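Below you'll find the structure, written out as structure tokens, and then a few comments.
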Amino acid sequence: MKGTFPVEAFEKLQTPFYYYDTALLRATLDTIRREAGRYEGFEVHYAIKANANPKVLNIICQAGLGADCVSGGEIQACIEAGFPASKIVYAGVGKSDWEINLGLDKDIFCFNVESTAELEVINELAAAKGKVAKVCFRINPDVGAHTHAKITTGLAENKFGISMRDMESTIETAAAMKNVRFTGLHFHIGSQILNMDDFAALCNRINDLQTQLEKHKIKVENINVGGGLGIDYQHPNRVPIPDFKSYFATYARHLKLRPGQKLHFELGRAVVGQMGSLITRTLYIKQGTAKQFLIVDAGMTDLIRPALYQAYHKIENISSDEAPATYDVVGPICESSDVFAKAVDLNAAKRGDLIALRSAGAYGEIMASCYNCRKLPKGYITEDL
Ligand SMILES: *Cc1c(COP(=O)(O)O)cnc(C)c1O
């Protein structure tokens, strides 16, 4: 089955570009709202690093989600898109002073702090402004997610977070500071996670940590479990909306929230992944000795996931109904890793055919670069066409 695209409208646009199906985005957001809404105290933030296209951000903001930022630039983009600062959380191992100051000036909901060194700087900068910064500690739960090595973040040996061993002493350090207030614990175990057991394992670990803190009469207002829910890259047409029902139900079943506690989520890929496609044009069909190459005008500069993570994106020839043929689909960049897929079957292609790389709404446009002096790809939403 092929996806359905406004191919005629695409013909008028300069390729390559990203296309965002806003009907699917809205349906996804409705599902999130409905499934999270079944449970008391569940609050969903959108991890803006997945896709910061202003029009996309605007739709997500209107759906009432909060925002999860990992840089000062992201805080700015969220505020410009209309997210209330009171719903912005800010994580990152290397926050620079201007970024912390921006968060303080805007009175964001919370800083997710990843080291004692950072805590000291936030305390100092907040003192200079006569403010009290709300902080959560990002704890490294040593829970391994079964996903690509470059996107696991919760193992013991990792630059992210504070170790469980140091959790209590760090909370006590914060308690002694005047310009920070400890408000909760933050976790994020990785990305593209499809096995609910990984999230259940995180819940069990959090339950243990909460019991430990209660023994020391430490009050935790917020639990933030990060993001990581994966999407079905093989079947974007059959599974356009991720299984949010099981995802939120897993947390409801396994995590023992205390009365009044809020549970925060930071979902990126699952919100925007399936609604986006990279649309590119066939430049040449090149016959090799043992294979044929389909050379397109998009490259790893437009979508780096295949080159960086060996990621799979379903590829469709949306201009052709011919019988399938087998191609290596490659871009024009002067790097041998500039390959989107090897030996894939597509409807037979000719010069000019439009090719869709599916499930490219997350970590696509936002990771584009100008390498080879290329122009950044544009992003269009359905309403633009
Ligand atoms: C990247 C990131 C997320 C979002 O991850 P997804 O896998 O896209 O859901 C959430 N929280 C933090 C801290 C992150 O770094």
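Residue numbering restarts at 1 for every chain of the structure tokens, chains are lettered A, B, ... in their displayed order, and ligands are numbered from 1 as they appear.
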Neighbouring residues of ligand 1 are defined here as those with any atom at most 9 Å from a ligand atom, counting only C-alpha atoms and all ligand atoms; list them as JSON, numbers by chain.
{"A": [45, 46, 47, 48, 49, 50, 68, 69, 70, 90, 91, 92, 112, 138, 151, 153, 186, 187, 188, 189, 190, 191, 192, 193, 225, 226, 227, 228, 229, 230, 265, 266, 267, 268, 269, 270, 271, 272, 273, 362, 363]}
Non-local contacts of Lys314 in chain A (12 Å; only C-alpha atoms; under 5 positions in same chain excluded) as a PyMOL selection string
chain A and resi 1-3+232-237+274+276-278+306+329+340-342+344-346+355-360
So that I have them on file, write out the residues from the current selection with N, CA and C atoms, as a PDB file, in the first residue's frame.
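Resulting contents of part.pdb:
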```
ATOM      1  N   MET A   1       0.852  -1.207   0.000  1.00  0.00           N
ATOM      2  CA  MET A   1       0.000   0.000   0.000  1.00  0.00           C
ATOM      3  C   MET A   1       0.883   1.252   0.000  1.00  0.00           C
ATOM      4  N   LYS A   2       0.512   2.203  -0.854  1.00  0.00           N
ATOM      5  CA  LYS A   2       1.243   3.472  -0.896  1.00  0.00           C
ATOM      6  C   LYS A   2       0.481   4.527  -0.106  1.00  0.00           C
ATOM      7  N   GLY A   3       1.205   5.524   0.379  1.00  0.00           N
ATOM      8  CA  GLY A   3       0.541   6.641   1.051  1.00  0.00           C
ATOM      9  C   GLY A   3      -0.173   7.491   0.015  1.00  0.00           C
ATOM     10  N   ASP A 232       6.322   3.084  13.997  1.00  0.00           N
ATOM     11  CA  ASP A 232       6.496   1.939  13.098  1.00  0.00           C
ATOM     12  C   ASP A 232       7.042   2.431  11.751  1.00  0.00           C
ATOM     13  N   TYR A 233       8.361   2.431  11.631  1.00  0.00           N
ATOM     14  CA  TYR A 233       8.984   2.903  10.394  1.00  0.00           C
ATOM     15  C   TYR A 233       8.684   1.992   9.211  1.00  0.00           C
ATOM     16  N   GLN A 234       8.441   0.679   9.492  1.00  0.00           N
ATOM     17  CA  GLN A 234       8.155  -0.249   8.376  1.00  0.00           C
ATOM     18  C   GLN A 234       6.778   0.008   7.784  1.00  0.00           C
ATOM     19  N   HIS A 235       5.814   0.398   8.645  1.00  0.00           N
ATOM     20  CA  HIS A 235       4.420   0.454   8.194  1.00  0.00           C
ATOM     21  C   HIS A 235       3.745   1.795   8.490  1.00  0.00           C
ATOM     22  N   PRO A 236       4.236   2.869   7.878  1.00  0.00           N
ATOM     23  CA  PRO A 236       3.647   4.189   8.156  1.00  0.00           C
ATOM     24  C   PRO A 236       2.180   4.291   7.741  1.00  0.00           C
ATOM     25  N   ASN A 237       1.758   3.480   6.768  1.00  0.00           N
ATOM     26  CA  ASN A 237       0.357   3.557   6.336  1.00  0.00           C
ATOM     27  C   ASN A 237      -0.551   2.738   7.251  1.00  0.00           C
ATOM     28  N   GLN A 274       5.430  10.248  12.150  1.00  0.00           N
ATOM     29  CA  GLN A 274       4.687   9.685  11.010  1.00  0.00           C
ATOM     30  C   GLN A 274       4.033  10.732  10.110  1.00  0.00           C
ATOM     31  N   GLY A 276       5.372  13.292   8.767  1.00  0.00           N
ATOM     32  CA  GLY A 276       6.292  13.961   7.850  1.00  0.00           C
ATOM     33  C   GLY A 276       6.889  13.042   6.804  1.00  0.00           C
ATOM     34  N   SER A 277       7.072  13.572   5.605  1.00  0.00           N
ATOM     35  CA  SER A 277       7.783  12.842   4.554  1.00  0.00           C
ATOM     36  C   SER A 277       8.757  13.799   3.895  1.00  0.00           C
ATOM     37  N   LEU A 278       9.894  13.270   3.496  1.00  0.00           N
ATOM     38  CA  LEU A 278      10.819  14.056   2.678  1.00  0.00           C
ATOM     39  C   LEU A 278      10.489  13.741   1.226  1.00  0.00           C
ATOM     40  N   PRO A 306      19.497   7.898   8.013  1.00  0.00           N
ATOM     41  CA  PRO A 306      20.064   6.654   7.462  1.00  0.00           C
ATOM     42  C   PRO A 306      21.595   6.618   7.587  1.00  0.00           C
ATOM     43  N   VAL A 329      18.896   3.615  -3.473  1.00  0.00           N
ATOM     44  CA  VAL A 329      18.468   5.017  -3.548  1.00  0.00           C
ATOM     45  C   VAL A 329      19.536   5.878  -2.881  1.00  0.00           C
ATOM     46  N   PHE A 340      20.271   6.336   1.021  1.00  0.00           N
ATOM     47  CA  PHE A 340      19.022   6.238   1.782  1.00  0.00           C
ATOM     48  C   PHE A 340      18.597   4.788   1.981  1.00  0.00           C
ATOM     49  N   ALA A 341      18.867   3.944   0.987  1.00  0.00           N
ATOM     50  CA  ALA A 341      18.469   2.534   1.112  1.00  0.00           C
ATOM     51  C   ALA A 341      19.168   1.737   0.033  1.00  0.00           C
ATOM     52  N   LYS A 342      19.429   0.471   0.352  1.00  0.00           N
ATOM     53  CA  LYS A 342      20.031  -0.424  -0.643  1.00  0.00           C
ATOM     54  C   LYS A 342      19.029  -1.494  -1.035  1.00  0.00           C
ATOM     55  N   VAL A 344      16.098  -1.707  -2.616  1.00  0.00           N
ATOM     56  CA  VAL A 344      14.669  -1.592  -2.284  1.00  0.00           C
ATOM     57  C   VAL A 344      13.835  -1.686  -3.561  1.00  0.00           C
ATOM     58  N   ASP A 345      12.646  -2.229  -3.395  1.00  0.00           N
ATOM     59  CA  ASP A 345      11.725  -2.335  -4.528  1.00  0.00           C
ATOM     60  C   ASP A 345      10.805  -1.125  -4.558  1.00  0.00           C
ATOM     61  N   LEU A 346      10.834  -0.426  -5.693  1.00  0.00           N
ATOM     62  CA  LEU A 346       9.959   0.741  -5.888  1.00  0.00           C
ATOM     63  C   LEU A 346       9.255   0.569  -7.220  1.00  0.00           C
ATOM     64  N   ILE A 355       9.743  11.036  -5.254  1.00  0.00           N
ATOM     65  CA  ILE A 355       9.994   9.939  -4.328  1.00  0.00           C
ATOM     66  C   ILE A 355       9.707  10.451  -2.916  1.00  0.00           C
ATOM     67  N   ALA A 356       8.982   9.654  -2.130  1.00  0.00           N
ATOM     68  CA  ALA A 356       8.693  10.036  -0.740  1.00  0.00           C
ATOM     69  C   ALA A 356       9.494   9.153   0.204  1.00  0.00           C
ATOM     70  N   LEU A 357      10.227   9.784   1.111  1.00  0.00           N
ATOM     71  CA  LEU A 357      10.857   9.060   2.221  1.00  0.00           C
ATOM     72  C   LEU A 357       9.951   9.270   3.422  1.00  0.00           C
ATOM     73  N   ARG A 358       9.334   8.193   3.861  1.00  0.00           N
ATOM     74  CA  ARG A 358       8.266   8.286   4.840  1.00  0.00           C
ATOM     75  C   ARG A 358       8.805   8.363   6.277  1.00  0.00           C
ATOM     76  N   SER A 359       7.896   8.662   7.194  1.00  0.00           N
ATOM     77  CA  SER A 359       8.209   8.689   8.642  1.00  0.00           C
ATOM     78  C   SER A 359       9.391   9.605   8.938  1.00  0.00           C
ATOM     79  N   ALA A 360       9.433  10.751   8.263  1.00  0.00           N
ATOM     80  CA  ALA A 360      10.586  11.648   8.395  1.00  0.00           C
ATOM     81  C   ALA A 360      10.227  12.937   9.138  1.00  0.00           C
TER      82      ALA A 360
END
```
All strand (DSSP E or B) positions in range 59-292 of chain A, as a count of residues only
54
Considering only C-alpha atoms, return as a CSV table (one decimal) with C-alpha atoms, in the first residue's frame whatever protein or nucleic-acid residues lie within 8 Å of range 170-178 of chain A, sequence-local ones (same chain, fewer than 3 positions apart) excluded.
```
chain,number,residue,atom,x,y,z
A,116,THR,CA,26.1,19.4,40.9
A,119,LEU,CA,23.2,23.2,40.1
A,123,ASN,CA,21.8,28.9,42.1
A,127,ALA,CA,20.6,34.7,43.1
A,132,VAL,CA,14.3,31.0,43.0
A,137,PHE,CA,17.3,16.2,39.0
A,166,ASP,CA,24.5,10.5,44.2
A,167,MET,CA,20.7,11.3,44.1
A,181,ARG,CA,14.0,24.7,44.9
A,182,PHE,CA,13.9,20.9,44.4
```
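Proximity ranking of A:Leu385, A:Val121, A:Ala9, A:Val180 relative to Glu99 in chain A places A:Val121 first, based on only C-alpha atoms.
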If you measure from CA of Gly66 in chain A to CA of Arg258 in chain A, what distance in Å do you get, rounded to one decimal?
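Straight-line distance from CA of Gly66 in chain A to CA of Arg258 in chain A works out to 22.0 Å.
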List the neighbours of range 73-86 of chain A out to 6 Å using only C-alpha atoms; skip same-chain residues closer than 2 positions along the sequence, and give me the result as a short mmCIF file (atom, residue, chain, number, x, y, z; two decimals) with N, CA and C atoms, in the first residue's frame.
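Once written, around21.cif looks like this:
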```
data_model
loop_
_atom_site.label_atom_id
_atom_site.label_comp_id
_atom_site.auth_asym_id
_atom_site.auth_seq_id
_atom_site.Cartn_x
_atom_site.Cartn_y
_atom_site.Cartn_z
N ASN A 58 3.16 25.42 16.25
CA ASN A 58 1.93 26.13 16.51
C ASN A 58 0.75 25.19 16.73
N CYS A 61 1.19 23.39 20.06
CA CYS A 61 0.94 24.32 21.15
C CYS A 61 -0.57 24.52 21.35
N CYS A 69 12.55 21.41 26.25
CA CYS A 69 13.63 22.04 25.50
C CYS A 69 14.98 21.50 25.95
N SER A 71 17.83 23.44 24.76
CA SER A 71 18.75 24.56 24.49
C SER A 71 17.99 25.87 24.63
N ILE A 88 7.12 24.93 30.19
CA ILE A 88 8.39 24.59 29.54
C ILE A 88 9.35 23.95 30.55
N ILE A 108 10.54 29.71 33.41
CA ILE A 108 10.11 28.40 32.93
C ILE A 108 9.72 27.50 34.10
N PHE A 109 8.97 26.43 33.77
CA PHE A 109 8.44 25.54 34.81
C PHE A 109 9.57 24.91 35.61
#
```
Using only C-alpha atoms, which of the listed residues (A:Asn140, A:Ser337, A:Asn158, A:Asn347) sits closest to Leu308 in chain A?
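The shortest atom-to-atom distance to Leu308 in chain A comes from A:Ser337.
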So that I can see what lies close to Leu104 in chain A, please list as a ChimeraX atom specification the residues with an atom at most 10 Å from it, counting only C-alpha atoms and leaving out residues fewer than 5 positions away in the same chain.
/A:98-99,109-111,122,125-126,129,131-134
Residues of the last selection are to be written out with N, CA, C and O atoms, as a compact mmCIF listing (two decimals), in the first residue's frame.
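To be explicit, this is the file written out as part_18.txt:
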```
# COMPACT_ATOMS: atom_id res chain seq x y z
N TRP A 98 23.97 32.05 29.31
CA TRP A 98 22.88 32.82 28.69
C TRP A 98 21.61 31.99 28.60
O TRP A 98 20.49 32.52 28.70
N GLU A 99 21.79 30.67 28.44
CA GLU A 99 20.61 29.80 28.33
C GLU A 99 19.89 29.69 29.69
O GLU A 99 18.66 29.72 29.77
N PHE A 109 8.97 26.43 33.77
CA PHE A 109 8.44 25.54 34.81
C PHE A 109 9.57 24.91 35.61
O PHE A 109 9.51 24.85 36.84
N CYS A 110 10.61 24.44 34.92
CA CYS A 110 11.65 23.74 35.66
C CYS A 110 12.91 23.48 34.84
O CYS A 110 12.85 23.29 33.63
N PHE A 111 14.04 23.52 35.53
CA PHE A 111 15.32 23.12 34.94
C PHE A 111 15.57 21.66 35.32
O PHE A 111 15.53 21.33 36.50
N ILE A 122 23.30 27.48 38.44
CA ILE A 122 21.90 27.93 38.41
C ILE A 122 21.59 28.70 39.69
O ILE A 122 20.96 29.78 39.66
N LEU A 125 23.25 32.18 39.37
CA LEU A 125 22.60 33.07 38.39
C LEU A 125 21.21 33.48 38.87
O LEU A 125 20.78 34.61 38.66
N ALA A 126 20.52 32.56 39.56
CA ALA A 126 19.19 32.90 40.09
C ALA A 126 19.33 33.93 41.20
O ALA A 126 18.54 34.87 41.30
N LYS A 129 19.57 37.43 40.11
CA LYS A 129 18.30 38.00 39.65
C LYS A 129 17.27 38.06 40.77
O LYS A 129 16.12 38.43 40.55
N LYS A 131 15.88 35.52 42.16
CA LYS A 131 14.84 34.54 41.85
C LYS A 131 15.15 33.19 42.49
O LYS A 131 16.29 32.94 42.91
N VAL A 132 14.14 32.33 42.53
CA VAL A 132 14.35 30.95 42.97
C VAL A 132 14.01 30.04 41.79
O VAL A 132 12.87 30.04 41.31
N ALA A 133 15.00 29.30 41.32
CA ALA A 133 14.79 28.42 40.16
C ALA A 133 14.24 27.08 40.63
O ALA A 133 14.75 26.50 41.58
N LYS A 134 13.20 26.62 39.94
CA LYS A 134 12.69 25.28 40.25
C LYS A 134 13.55 24.26 39.51
O LYS A 134 13.79 24.39 38.31
```
If we count only C-alpha atoms and set the cut-off at 12 Å, which residues sit around Leu13 in chain A, ignoring sequence neighbours fewer than 4 positions away in its own chain? Please answer as a ChimeraX atom specification.
/A:6-9,17-19,279-281,354,377-380,384-385
Excluding same-chain residues fewer than 4 positions from range 206-223 of chain A, what lies within 7 Å of it counting only C-alpha atoms, as an MDAnalysis selection string?
chainID A and resid 183:186 202 255:256 261:264
Create the file for the chosen residues now, containing N, CA, C and O atoms and written as a PDB file, in the first residue's frame.
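Here's the written file again_27.pdb:
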```pdb
ATOM      1  N   THR A 183      12.074  20.207  42.991  1.00  0.00           N
ATOM      2  CA  THR A 183      10.655  19.904  42.784  1.00  0.00           C
ATOM      3  C   THR A 183      10.416  18.523  42.173  1.00  0.00           C
ATOM      4  O   THR A 183       9.270  18.140  41.989  1.00  0.00           O
ATOM      5  N   GLY A 184      11.468  17.791  41.846  1.00  0.00           N
ATOM      6  CA  GLY A 184      11.161  16.462  41.323  1.00  0.00           C
ATOM      7  C   GLY A 184      12.315  15.746  40.662  1.00  0.00           C
ATOM      8  O   GLY A 184      13.455  16.215  40.643  1.00  0.00           O
ATOM      9  N   LEU A 185      11.973  14.586  40.114  1.00  0.00           N
ATOM     10  CA  LEU A 185      12.953  13.719  39.469  1.00  0.00           C
ATOM     11  C   LEU A 185      12.644  13.604  37.989  1.00  0.00           C
ATOM     12  O   LEU A 185      11.480  13.549  37.591  1.00  0.00           O
ATOM     13  N   HIS A 186      13.707  13.541  37.195  1.00  0.00           N
ATOM     14  CA  HIS A 186      13.569  13.460  35.744  1.00  0.00           C
ATOM     15  C   HIS A 186      14.344  12.245  35.243  1.00  0.00           C
ATOM     16  O   HIS A 186      15.406  11.917  35.780  1.00  0.00           O
ATOM     17  N   LEU A 202      11.554   1.053  33.915  1.00  0.00           N
ATOM     18  CA  LEU A 202      11.809   2.400  34.434  1.00  0.00           C
ATOM     19  C   LEU A 202      10.867   2.689  35.613  1.00  0.00           C
ATOM     20  O   LEU A 202      11.292   3.222  36.641  1.00  0.00           O
ATOM     21  N   LEU A 255       3.644   2.555  37.638  1.00  0.00           N
ATOM     22  CA  LEU A 255       4.255   3.611  38.448  1.00  0.00           C
ATOM     23  C   LEU A 255       3.328   3.973  39.608  1.00  0.00           C
ATOM     24  O   LEU A 255       2.168   4.309  39.400  1.00  0.00           O
ATOM     25  N   LYS A 256       3.884   3.921  40.812  1.00  0.00           N
ATOM     26  CA  LYS A 256       3.070   4.238  41.995  1.00  0.00           C
ATOM     27  C   LYS A 256       3.205   5.729  42.297  1.00  0.00           C
ATOM     28  O   LYS A 256       4.098   6.152  43.039  1.00  0.00           O
ATOM     29  N   GLN A 261       0.939  13.973  43.208  1.00  0.00           N
ATOM     30  CA  GLN A 261       2.103  14.003  42.317  1.00  0.00           C
ATOM     31  C   GLN A 261       1.680  14.117  40.865  1.00  0.00           C
ATOM     32  O   GLN A 261       0.697  13.531  40.450  1.00  0.00           O
ATOM     33  N   LYS A 262       2.472  14.878  40.110  1.00  0.00           N
ATOM     34  CA  LYS A 262       2.223  14.987  38.673  1.00  0.00           C
ATOM     35  C   LYS A 262       3.222  14.105  37.924  1.00  0.00           C
ATOM     36  O   LYS A 262       4.385  14.018  38.313  1.00  0.00           O
ATOM     37  N   LEU A 263       2.725  13.490  36.847  1.00  0.00           N
ATOM     38  CA  LEU A 263       3.600  12.671  36.016  1.00  0.00           C
ATOM     39  C   LEU A 263       3.753  13.349  34.653  1.00  0.00           C
ATOM     40  O   LEU A 263       2.768  13.546  33.927  1.00  0.00           O
ATOM     41  N   HIS A 264       4.984  13.728  34.335  1.00  0.00           N
ATOM     42  CA  HIS A 264       5.252  14.448  33.086  1.00  0.00           C
ATOM     43  C   HIS A 264       5.879  13.521  32.049  1.00  0.00           C
ATOM     44  O   HIS A 264       6.704  12.670  32.385  1.00  0.00           O
TER      45      HIS A 264
END
```
Pick from A:Gly352, A:Pro324, A:Gly299, A:Gly288, whichever lies nearest to Gly364 in chain A using only C-alpha atoms:
A:Gly299
